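Quick look at protein_16.tsv (TSV, C-alpha atoms):
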```
chain	number	residue	atom	x	y	z
M	1	MET	CA	14.89	-26.01	-18.64
M	2	GLU	CA	18.02	-23.93	-18.25
M	3	LEU	CA	18.08	-20.19	-17.60
M	4	GLU	CA	19.76	-19.57	-20.96
M	5	GLU	CA	16.87	-21.26	-22.79
M	6	LEU	CA	14.40	-19.08	-20.88
M	7	LYS	CA	16.43	-15.98	-21.73
M	8	ASN	CA	16.30	-16.91	-25.41
M	9	ILE	CA	12.54	-17.27	-25.33
M	10	TRP	CA	12.22	-13.95	-23.44
M	11	LYS	CA	14.52	-12.05	-25.77
M	12	ASN	CA	13.26	-13.46	-29.05
M	13	LYS	CA	9.88	-11.99	-28.34
M	14	GLY	CA	9.71	-9.36	-25.62
M	15	PRO	CA	6.26	-8.63	-24.17
M	16	GLY	CA	4.25	-6.59	-26.63
M	17	PHE	CA	3.15	-3.18	-25.50
M	18	GLN	CA	1.91	0.11	-26.85
M	19	PRO	CA	4.73	2.64	-26.27
M	20	LYS	CA	3.77	5.92	-24.57
M	21	ASP	CA	4.77	9.12	-26.31
M	22	GLU	CA	6.42	12.09	-24.58
M	23	ALA	CA	3.17	14.04	-24.28
M	24	GLU	CA	1.51	11.10	-22.48
M	25	ILE	CA	4.45	10.78	-20.08
M	26	ALA	CA	4.39	14.53	-19.38
M	27	LEU	CA	0.67	14.31	-18.61
M	28	MET	CA	1.29	11.43	-16.19
M	29	LEU	CA	3.56	13.63	-14.09
M	30	LYS	CA	0.56	15.83	-13.33
M	31	GLY	CA	-1.53	12.89	-12.10
M	32	THR	CA	-2.33	11.90	-8.53
M	33	SER	CA	-0.43	9.10	-6.89
M	34	GLN	CA	-2.35	6.03	-5.72
M	35	SER	CA	0.52	4.67	-3.62
M	36	ILE	CA	-0.21	3.33	-0.16
M	37	VAL	CA	2.04	5.99	1.44
M	38	THR	CA	0.25	8.81	-0.42
M	39	LYS	CA	-3.10	7.37	0.64
M	40	LEU	CA	-1.94	7.17	4.26
M	41	LYS	CA	-0.76	10.78	4.01
M	42	ARG	CA	-4.11	11.87	2.59
M	43	SER	CA	-6.01	10.06	5.37
M	44	THR	CA	-3.76	11.57	8.04
M	45	TRP	CA	-4.18	15.09	6.60
M	46	PHE	CA	-7.95	14.61	6.48
M	47	GLU	CA	-8.02	13.41	10.10
M	48	LEU	CA	-5.78	16.25	11.27
M	49	ILE	CA	-7.97	18.88	9.57
M	50	PHE	CA	-11.12	17.18	10.89
M	51	THR	CA	-9.65	17.11	14.44
M	52	VAL	CA	-8.70	20.79	14.30
M	53	VAL	CA	-12.11	21.85	12.93
M	54	VAL	CA	-14.02	19.73	15.47
M	55	GLY	CA	-11.68	20.99	18.23
M	56	ILE	CA	-12.36	24.64	17.35
M	57	ALA	CA	-16.12	24.02	17.12
M	58	LEU	CA	-16.06	22.25	20.52
M	59	LEU	CA	-14.05	25.04	22.07
M	60	VAL	CA	-16.44	27.70	20.79
M	61	TYR	CA	-19.45	25.69	22.01
M	62	ALA	CA	-17.85	24.89	25.39
M	63	MET	CA	-17.29	28.63	25.99
M	64	THR	CA	-21.04	29.23	25.74
M	65	LEU	CA	-21.89	26.52	28.31
M	66	PRO	CA	-22.38	27.28	31.99
M	67	ALA	CA	-19.85	25.68	34.35
M	68	GLY	CA	-20.91	22.08	34.99
M	69	ALA	CA	-20.55	18.47	33.95
M	70	ILE	CA	-21.27	18.97	30.24
M	71	LYS	CA	-18.72	21.76	30.02
M	72	TRP	CA	-16.07	19.53	31.63
M	73	LEU	CA	-16.96	16.70	29.30
M	74	PHE	CA	-16.34	18.98	26.33
M	75	VAL	CA	-13.08	20.24	27.83
M	76	SER	CA	-11.84	16.66	28.35
M	77	LEU	CA	-12.74	15.90	24.71
M	78	LEU	CA	-10.69	18.92	23.66
M	79	VAL	CA	-7.67	17.68	25.62
M	80	MET	CA	-7.96	14.37	23.78
M	81	LEU	CA	-8.20	16.11	20.38
M	82	VAL	CA	-5.04	18.13	21.09
M	83	ALA	CA	-3.22	14.87	21.92
M	84	TYR	CA	-4.52	13.35	18.65
M	85	SER	CA	-3.26	16.38	16.68
M	86	PHE	CA	0.29	15.79	17.96
M	87	TYR	CA	0.04	12.17	16.87
M	88	TYR	CA	-1.11	13.17	13.37
M	89	VAL	CA	1.70	15.71	12.97
M	90	LYS	CA	4.26	13.11	14.06
M	91	LYS	CA	2.73	10.60	11.63
M	92	LEU	CA	2.92	13.11	8.75
M	93	ILE	CA	6.58	13.83	9.48
M	94	LEU	CA	7.33	10.09	9.39
M	95	LEU	CA	5.32	9.56	6.20
M	96	ASN	CA	7.05	12.50	4.50
M	97	GLN	CA	10.41	10.93	5.27
M	98	PHE	CA	9.27	7.62	3.78
M	99	SER	CA	10.89	6.95	0.42
M	100	SER	CA	11.08	3.70	-1.45
M	101	ALA	CA	13.84	5.06	-3.69
M	102	HIS	CA	16.72	4.19	-1.39
M	103	GLU	CA	15.31	0.97	-0.01
M	104	ASN	CA	15.49	-2.54	-1.33
M	105	ILE	CA	12.25	-4.55	-1.57
M	106	ARG	CA	12.76	-6.26	1.78
M	107	ALA	CA	13.53	-3.03	3.71
M	108	ASN	CA	10.64	-1.30	2.00
M	109	LEU	CA	8.27	-4.11	3.00
M	110	GLU	CA	9.50	-4.01	6.61
M	111	LYS	CA	8.93	-0.24	6.81
M	112	LEU	CA	5.49	-0.46	5.25
M	113	VAL	CA	4.43	-3.29	7.58
M	114	ASP	CA	5.67	-1.27	10.60
M	115	ASN	CA	3.88	1.88	9.43
M	116	LEU	CA	0.59	0.19	8.67
M	117	THR	CA	0.67	-1.92	11.84
M	118	SER	CA	1.20	1.11	14.07
M	119	TYR	CA	-1.49	3.02	12.16
M	120	LEU	CA	-4.04	0.24	12.61
M	121	LYS	CA	-3.03	-0.34	16.26
M	122	PHE	CA	-3.58	3.32	17.00
M	123	TYR	CA	-7.14	3.19	15.66
M	124	LYS	CA	-7.98	-0.06	17.42
M	125	ARG	CA	-6.72	1.42	20.69
M	126	SER	CA	-8.79	4.53	20.14
M	127	TYR	CA	-11.92	2.48	19.77
M	128	THR	CA	-11.30	-0.14	22.42
M	129	ILE	CA	-9.87	2.10	25.16
M	130	LEU	CA	-11.22	5.58	24.60
M	131	TYR	CA	-14.86	4.66	24.01
M	132	PRO	CA	-15.30	2.79	27.33
M	133	LEU	CA	-13.26	5.53	29.02
M	134	TYR	CA	-15.64	8.18	27.71
M	135	PHE	CA	-18.61	6.08	28.74
M	136	ILE	CA	-17.29	6.05	32.32
M	137	LEU	CA	-16.38	9.75	32.15
M	138	GLY	CA	-19.91	10.51	30.92
M	139	LEU	CA	-21.32	8.64	33.93
M	140	LEU	CA	-18.95	10.46	36.27
M	141	PHE	CA	-19.88	13.89	34.92
M	142	ALA	CA	-23.57	12.99	35.08
M	143	GLY	CA	-23.01	12.05	38.73
M	144	ILE	CA	-21.41	15.42	39.44
M	145	GLU	CA	-24.20	17.21	37.58
M	146	ARG	CA	-27.06	15.49	39.46
M	147	GLY	CA	-25.38	15.48	42.84
M	148	ALA	CA	-23.70	12.41	44.28
M	149	ASP	CA	-26.62	11.24	46.50
M	150	ASP	CA	-29.27	11.43	43.79
M	151	PHE	CA	-26.91	9.84	41.27
M	152	PHE	CA	-25.96	6.87	43.44
M	153	GLN	CA	-29.58	6.30	44.45
M	154	ASN	CA	-30.45	6.04	40.77
M	155	LEU	CA	-27.39	3.98	39.92
M	156	ILE	CA	-28.08	1.15	42.41
M	157	ARG	CA	-31.53	0.53	40.96
M	158	PRO	CA	-31.50	-2.82	39.06
M	159	LYS	CA	-33.29	-1.24	36.09
M	160	THR	CA	-30.61	1.45	35.73
M	161	ILE	CA	-27.80	-1.09	36.12
M	162	ILE	CA	-29.29	-3.40	33.46
M	163	SER	CA	-29.84	-0.47	31.06
M	164	LEU	CA	-26.32	0.84	31.53
M	165	VAL	CA	-24.65	-2.56	31.18
M	166	THR	CA	-26.71	-3.33	28.06
M	167	LEU	CA	-25.85	0.06	26.59
M	168	ALA	CA	-22.14	-0.36	27.41
M	169	ILE	CA	-22.01	-3.87	25.90
M	170	PHE	CA	-23.87	-2.77	22.78
M	171	PHE	CA	-21.74	0.36	22.42
M	172	TYR	CA	-18.47	-1.53	22.95
M	173	PHE	CA	-19.16	-4.45	20.60
M	174	SER	CA	-20.78	-2.44	17.82
M	175	SER	CA	-17.99	0.17	17.78
M	176	THR	CA	-15.27	-2.51	17.92
M	177	PHE	CA	-16.96	-4.54	15.17
M	178	MET	CA	-17.40	-1.47	12.95
M	179	ALA	CA	-13.82	-0.29	13.54
M	180	ASN	CA	-12.35	-3.72	12.80
M	181	TRP	CA	-14.44	-4.15	9.66
M	182	TYR	CA	-13.59	-0.66	8.38
M	183	LEU	CA	-9.85	-0.94	9.10
M	184	LYS	CA	-9.62	-4.39	7.55
M	185	LYS	CA	-11.35	-3.13	4.43
M	186	LEU	CA	-9.20	-0.02	4.31
M	187	TYR	CA	-5.70	-1.36	5.01
M	188	GLY	CA	-5.98	-4.74	6.74
M	189	ASN	CA	-6.06	-6.90	3.62
M	190	HIS	CA	-3.12	-5.02	2.12
M	191	LEU	CA	-1.19	-5.44	5.38
M	192	GLU	CA	-1.80	-9.21	5.32
M	193	LYS	CA	-0.47	-9.33	1.78
M	194	LEU	CA	2.67	-7.39	2.77
M	195	LYS	CA	3.28	-9.67	5.76
M	196	GLY	CA	2.95	-12.70	3.46
M	197	LEU	CA	5.54	-11.27	1.08
M	198	LEU	CA	7.91	-10.55	3.95
M	199	SER	CA	7.60	-14.06	5.32
M	200	ASP	CA	8.17	-15.37	1.77
M	201	LEU	CA	11.47	-13.43	1.79
M	202	SER	CA	12.45	-14.71	5.23
M	203	GLU	CA	12.07	-18.39	4.32
H	1	MET	CA	11.52	20.99	-10.49
H	2	ALA	CA	13.00	22.87	-13.46
H	3	ILE	CA	11.65	22.46	-16.99
H	4	GLY	CA	15.02	21.14	-18.17
H	5	GLU	CA	14.95	18.49	-15.50
H	6	GLU	CA	11.43	17.48	-16.51
H	7	LYS	CA	12.56	17.18	-20.12
H	8	ASN	CA	15.53	15.00	-19.09
H	9	PHE	CA	13.24	12.81	-17.03
H	10	ILE	CA	10.73	12.37	-19.87
H	11	ASN	CA	13.56	11.41	-22.23
H	12	LEU	CA	14.81	8.90	-19.70
H	13	ILE	CA	11.37	7.30	-19.31
H	14	ASN	CA	10.92	7.31	-23.07
H	15	GLU	CA	14.21	5.51	-23.52
H	16	HIS	CA	13.61	2.89	-20.78
H	17	GLN	CA	9.83	2.54	-20.92
H	18	GLY	CA	10.14	-1.10	-22.00
H	19	LEU	CA	11.34	-1.95	-18.50
H	20	ILE	CA	8.27	-0.32	-16.90
H	21	HIS	CA	5.89	-1.96	-19.40
H	22	LYS	CA	7.37	-5.38	-18.63
H	23	VAL	CA	6.88	-4.87	-14.89
H	24	CYS	CA	3.26	-3.79	-15.50
H	25	ILE	CA	2.55	-6.82	-17.71
H	26	MET	CA	4.00	-9.20	-15.10
H	27	TYR	CA	2.05	-7.72	-12.20
H	28	GLU	CA	-1.33	-6.71	-13.59
H	29	ASN	CA	-3.95	-8.64	-15.53
H	30	ASP	CA	-5.93	-6.11	-17.49
H	31	GLN	CA	-4.99	-3.10	-19.58
H	32	ASP	CA	-6.62	-0.50	-17.31
H	33	ALA	CA	-4.76	-1.79	-14.26
H	34	ARG	CA	-1.51	-1.84	-16.25
H	35	ASN	CA	-2.00	1.78	-17.27
H	36	ASP	CA	-2.65	2.76	-13.64
H	37	LEU	CA	0.48	0.94	-12.49
H	38	PHE	CA	2.54	2.48	-15.31
H	39	GLN	CA	1.48	5.97	-14.22
H	40	GLU	CA	2.19	5.17	-10.55
H	41	ILE	CA	5.69	3.93	-11.38
H	42	VAL	CA	6.39	7.05	-13.46
H	43	LEU	CA	5.18	9.26	-10.58
H	44	GLN	CA	7.35	7.42	-8.05
H	45	LEU	CA	10.38	7.66	-10.36
H	46	TRP	CA	9.72	11.38	-10.85
H	47	LYS	CA	9.48	11.87	-7.07
H	48	SER	CA	12.83	10.22	-6.48
H	49	PHE	CA	14.53	11.57	-9.61
H	50	PRO	CA	16.19	14.52	-7.75
H	51	SER	CA	17.84	12.09	-5.32
H	52	PHE	CA	19.22	9.89	-8.11
H	53	ARG	CA	22.89	10.80	-8.37
H	54	GLY	CA	24.02	8.15	-10.78
H	55	GLU	CA	25.75	6.03	-8.12
H	56	ALA	CA	23.74	3.03	-9.24
H	57	LYS	CA	23.01	2.05	-12.84
H	58	ILE	CA	19.92	3.82	-14.14
H	59	THR	CA	18.17	0.50	-14.81
H	60	THR	CA	18.95	-0.76	-11.27
H	61	TRP	CA	17.38	2.40	-9.82
H	62	MET	CA	14.38	2.02	-12.13
H	63	TYR	CA	13.91	-1.68	-11.29
H	64	ARG	CA	14.08	-0.92	-7.57
H	65	ILE	CA	11.35	1.70	-7.71
H	66	ALA	CA	9.19	-0.06	-10.31
H	67	LEU	CA	9.24	-3.36	-8.40
H	68	ASN	CA	8.70	-1.70	-5.02
H	69	THR	CA	5.68	0.10	-6.48
H	70	ALA	CA	4.26	-3.00	-8.18
H	71	ILE	CA	4.81	-5.35	-5.22
H	72	SER	CA	4.09	-3.31	-2.14
H	73	GLY	CA	3.46	0.35	-2.75
H	74	PHE	CA	0.42	0.20	-4.95
H	75	ARG	CA	-2.95	-0.78	-3.60
H	76	LYS	CA	-4.89	-2.21	-6.47
H	77	GLN	CA	-8.25	-0.76	-7.35
H	78	THR	CA	-11.00	-3.31	-7.02
H	79	ARG	CA	-12.31	-3.83	-10.47
H	80	LYS	CA	-14.15	-6.49	-12.31
H	81	VAL	CA	-12.16	-8.37	-14.90
H	82	LYS	CA	-13.54	-7.20	-18.21
H	83	THR	CA	-14.87	-9.83	-20.55
H	84	GLU	CA	-12.82	-8.24	-23.36
H	85	ASP	CA	-9.62	-8.81	-21.39
H	86	LEU	CA	-10.38	-12.49	-20.92
H	87	GLN	CA	-11.35	-12.80	-24.57
H	88	GLU	CA	-8.14	-11.04	-25.57
H	89	LEU	CA	-6.08	-13.49	-23.49
H	90	HIS	CA	-7.73	-16.57	-25.01
H	91	PHE	CA	-7.53	-15.03	-28.45
H	92	ASN	CA	-3.81	-14.42	-28.08
H	93	ILE	CA	-3.10	-17.96	-26.96
H	94	ARG	CA	-5.15	-19.51	-29.78
H	95	ASP	CA	-4.02	-17.06	-32.40
H	96	TYR	CA	-0.34	-17.78	-31.96
H	97	GLY	CA	-0.86	-21.48	-31.43
H	98	ASN	CA	1.04	-22.43	-34.56
H	99	ASP	CA	3.94	-20.09	-34.09
H	100	ASP	CA	6.52	-21.91	-31.92
H	101	GLN	CA	8.39	-18.80	-30.81
H	102	GLU	CA	5.23	-16.97	-29.87
H	103	GLU	CA	3.75	-20.05	-28.22
H	104	ASN	CA	6.88	-20.54	-26.10
H	105	PHE	CA	6.81	-16.92	-25.12
H	106	GLN	CA	3.12	-17.04	-24.17
H	107	LYS	CA	3.83	-20.16	-22.11
H	108	LEU	CA	6.77	-18.50	-20.35
H	109	GLN	CA	4.74	-15.36	-19.63
H	110	TRP	CA	1.88	-17.48	-18.23
H	111	ALA	CA	4.30	-19.59	-16.13
H	112	ILE	CA	6.00	-16.50	-14.67
H	113	ARG	CA	2.62	-15.13	-13.65
H	114	GLN	CA	1.99	-18.30	-11.61
H	115	LEU	CA	5.04	-17.54	-9.43
H	116	SER	CA	4.94	-15.49	-6.22
H	117	GLU	CA	5.43	-11.73	-6.60
H	118	ILE	CA	8.99	-11.87	-5.26
H	119	GLU	CA	9.90	-14.78	-7.54
H	120	ARG	CA	8.43	-12.88	-10.49
H	121	ALA	CA	10.70	-9.92	-9.71
H	122	MET	CA	13.75	-12.16	-9.52
H	123	ILE	CA	13.15	-14.11	-12.73
H	124	MET	CA	12.30	-10.89	-14.61
H	125	MET	CA	15.62	-9.34	-13.65
H	126	ALA	CA	17.50	-12.56	-14.43
H	127	LEU	CA	15.89	-12.77	-17.89
H	128	GLU	CA	16.93	-9.16	-18.47
H	129	GLU	CA	20.57	-10.16	-17.70
H	130	VAL	CA	20.72	-8.25	-14.42
H	131	PRO	CA	23.68	-9.76	-12.49
H	132	TYR	CA	22.91	-11.79	-9.33
H	133	GLU	CA	24.73	-9.18	-7.26
H	134	GLU	CA	22.26	-6.49	-8.36
H	135	ILE	CA	19.28	-8.82	-7.94
H	136	ALA	CA	20.43	-9.50	-4.37
H	137	GLU	CA	20.79	-5.77	-3.74
H	138	THR	CA	17.38	-4.93	-5.20
H	139	ILE	CA	15.54	-7.66	-3.30
H	140	GLY	CA	17.51	-7.34	-0.05
H	141	ILE	CA	18.80	-10.91	0.23
H	142	THR	CA	22.25	-12.48	-0.12
H	143	GLN	CA	23.72	-13.61	-3.44
H	144	ASN	CA	23.70	-17.19	-2.15
H	145	ASN	CA	20.02	-16.89	-1.40
H	146	VAL	CA	19.47	-15.57	-4.95
H	147	ARG	CA	21.22	-18.63	-6.37
H	148	VAL	CA	19.16	-21.04	-4.27
H	149	ARG	CA	15.90	-19.27	-5.10
H	150	MET	CA	16.75	-19.07	-8.81
H	151	ASN	CA	17.25	-22.84	-8.89
H	152	ARG	CA	13.82	-23.28	-7.29
H	153	ILE	CA	12.25	-20.84	-9.73
H	154	ARG	CA	13.80	-22.63	-12.70
H	155	GLU	CA	12.44	-25.92	-11.41
H	156	LYS	CA	8.98	-24.43	-10.99
H	157	LEU	CA	9.05	-22.94	-14.50
H	158	ARG	CA	10.22	-26.24	-15.94
H	159	ASN	CA	7.23	-28.01	-14.37
H	160	LEU	CA	4.80	-25.31	-15.38
H	161	MET	CA	6.00	-25.23	-18.98
H	162	ARG	CA	6.09	-29.00	-19.39
H	163	PRO	CA	3.70	-29.95	-22.25
```

Entire entry expressed as structure tokens:
Amino acid sequence: MELEELKNIWKNKGPGFQPKDEAEIALMLKGTSQSIVTKLKRSTWFELIFTVVVGIALLVYAMTLPAGAIKWLFVSLLVMLVAYSFYYVKKLILLNQFSSAHENIRANLEKLVDNLTSYLKFYKRSYTILYPLYFILGLLFAGIERGADDFFQNLIRPKTIISLVTLAIFFYFSSTFMANWYLKKLYGNHLEKLKGLLSDLSE
Amino acid sequence: MAIGEEKNFINLINEHQGLIHKVCIMYENDQDARNDLFQEIVLQLWKSFPSFRGEAKITTWMYRIALNTAISGFRKQTRKVKTEDLQELHFNIRDYGNDDQEENFQKLQWAIRQLSEIERAMIMMALEEVPYEEIAETIGITQNNVRVRMNRIREKLRNLMRP
């Protein structure tokens, strides 16, 4: 079948549709976008606001604590939240610059894949590196709080070691599993689809 | 944006809405999803309207944004396929069974929907007489690549539409 034959079929009967009137189009302009970039922006804004609110609450609470391990644990959490805030601001700047208007389909796909990959990587890193790190920090601060001798005496007991290792394994695997499941559900499947389209274009 | 600009934009969409409808029909199955995609395309066009300076043809600009939105920018809502939509589809195919023109068109529409999303974009533009140069520009591949892919698409459609 030649292209001209297909064009004839297409033109003789264009796809039927119910035309929108001007009032409907005007109303659409007031709607909320469901695009992937807008959704990423919304998530980033939510996380930034959440980080700032939690940071302020932690700061206020840490001020009321006496000097000691718990206070330092809260202060180290605050340092991490400040670092996160910078990341979110940088992400928002990048997302605001993102526009599909000037890009062809291939370039747009490449940008989206890059954006989503770095977004998902960031979260996976947060869960797989920061959680164990905070587990160790928690132990360290507990050691400082109880005094090194008392802490190490407790730590070398087989019962304590088994409990801590079990807790660490459970904590690590459950948080990683939950994070992976949530991220895949949120953006992972869409990312796979975009990568498939890109490889289709590269063939 | 100014009211005058909004009015111009609405007129523009009104005039070229067929193009958006066709993209929606080719990329979504049910009417609700098509309406959502239509609105998303209109919003994306509105967002980039101030940066459109008329360097490209208006339809090229519209195709670029509409296809980008349909293919990669729009995350579909998970929804169950309504029974009415399936019934409507079967009804349409049966109803026009005796009308050759309509039957050929239904067949072509069905065959196009079996293609990959990128192939669908290419054949749609080709059927709308968009030159290969513009198709290449919109997709981001070379004109030679467009020619090769169009041959493959034609072959696929021929097989799919074979009685």

query: When the cut-off is 9 Å and we count all atoms listed in the file, which residues of chain M are near chain H, given as number ranges by chain?
result: M: 1-4, 6-23, 25-26, 28-37, 99-109, 112, 190, 193-194, 197, 200-202

query: From the set M:Leu183, M:Tyr127, M:Phe46, M:Ala69, which residue has the shortest atom-to-atom contact distance to Leu139 (chain M), counting only C-alpha atoms?
result: M:Ala69

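Between CA of Pro132 (chain M) and CA of Ala168 (chain M) the interatomic distance comes to 7.5 Å.
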
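With CA of Lys159 (chain M) on one side and CA of Ser175 (chain M) on the other, the separation reads 23.9 Å.
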
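Our summary of the geometry notes that CA of Gly55 (chain M) is positioned 13.1 Å from CA of Phe86 (chain M).
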
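The shortest atom-to-atom distance to Thr176 (chain M), with only C-alpha atoms taken into account, belongs to M:Leu130 out of M:Val79, M:Leu65, M:Leu73, M:Leu130.
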
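The residue that comes closest to Ala111 (chain H), out of H:Leu12, H:Leu160, H:Asn29, H:Gly4 and on the basis of only C-alpha atoms, is H:Leu160.
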
Could you work out an axis-aligned box for region 17-30 of chain H, taking every atom the file lists and adding 5 Å on each side, and report centre and edge lengths in Å to one decimal, as AutoDock Vina command-line options?
```
--center_x 2.7 --center_y -3.3 --center_z -17.1 --size_x 27.3 --size_y 21.7 --size_z 19.8
```

message: Using only C-alpha atoms, list the residues that have an atom at most 10 Å from (-14.3, 20.9, 17.3), coordinates as in the file, as a PyMOL selection string.
response: chain M and resi 50-62+74+77-78+81

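The smallest atom-to-atom distance between Ser118 (chain M) and any of M:Leu191, M:Met63, M:Leu133, M:Leu198, using all atoms listed in the file, is found for M:Leu191.
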
field: Nearest-residue call for Leu116 (chain M), choices M:Gln153, M:Ser85, M:Asn189, M:Ser199, using only C-alpha atoms
entry: M:Asn189
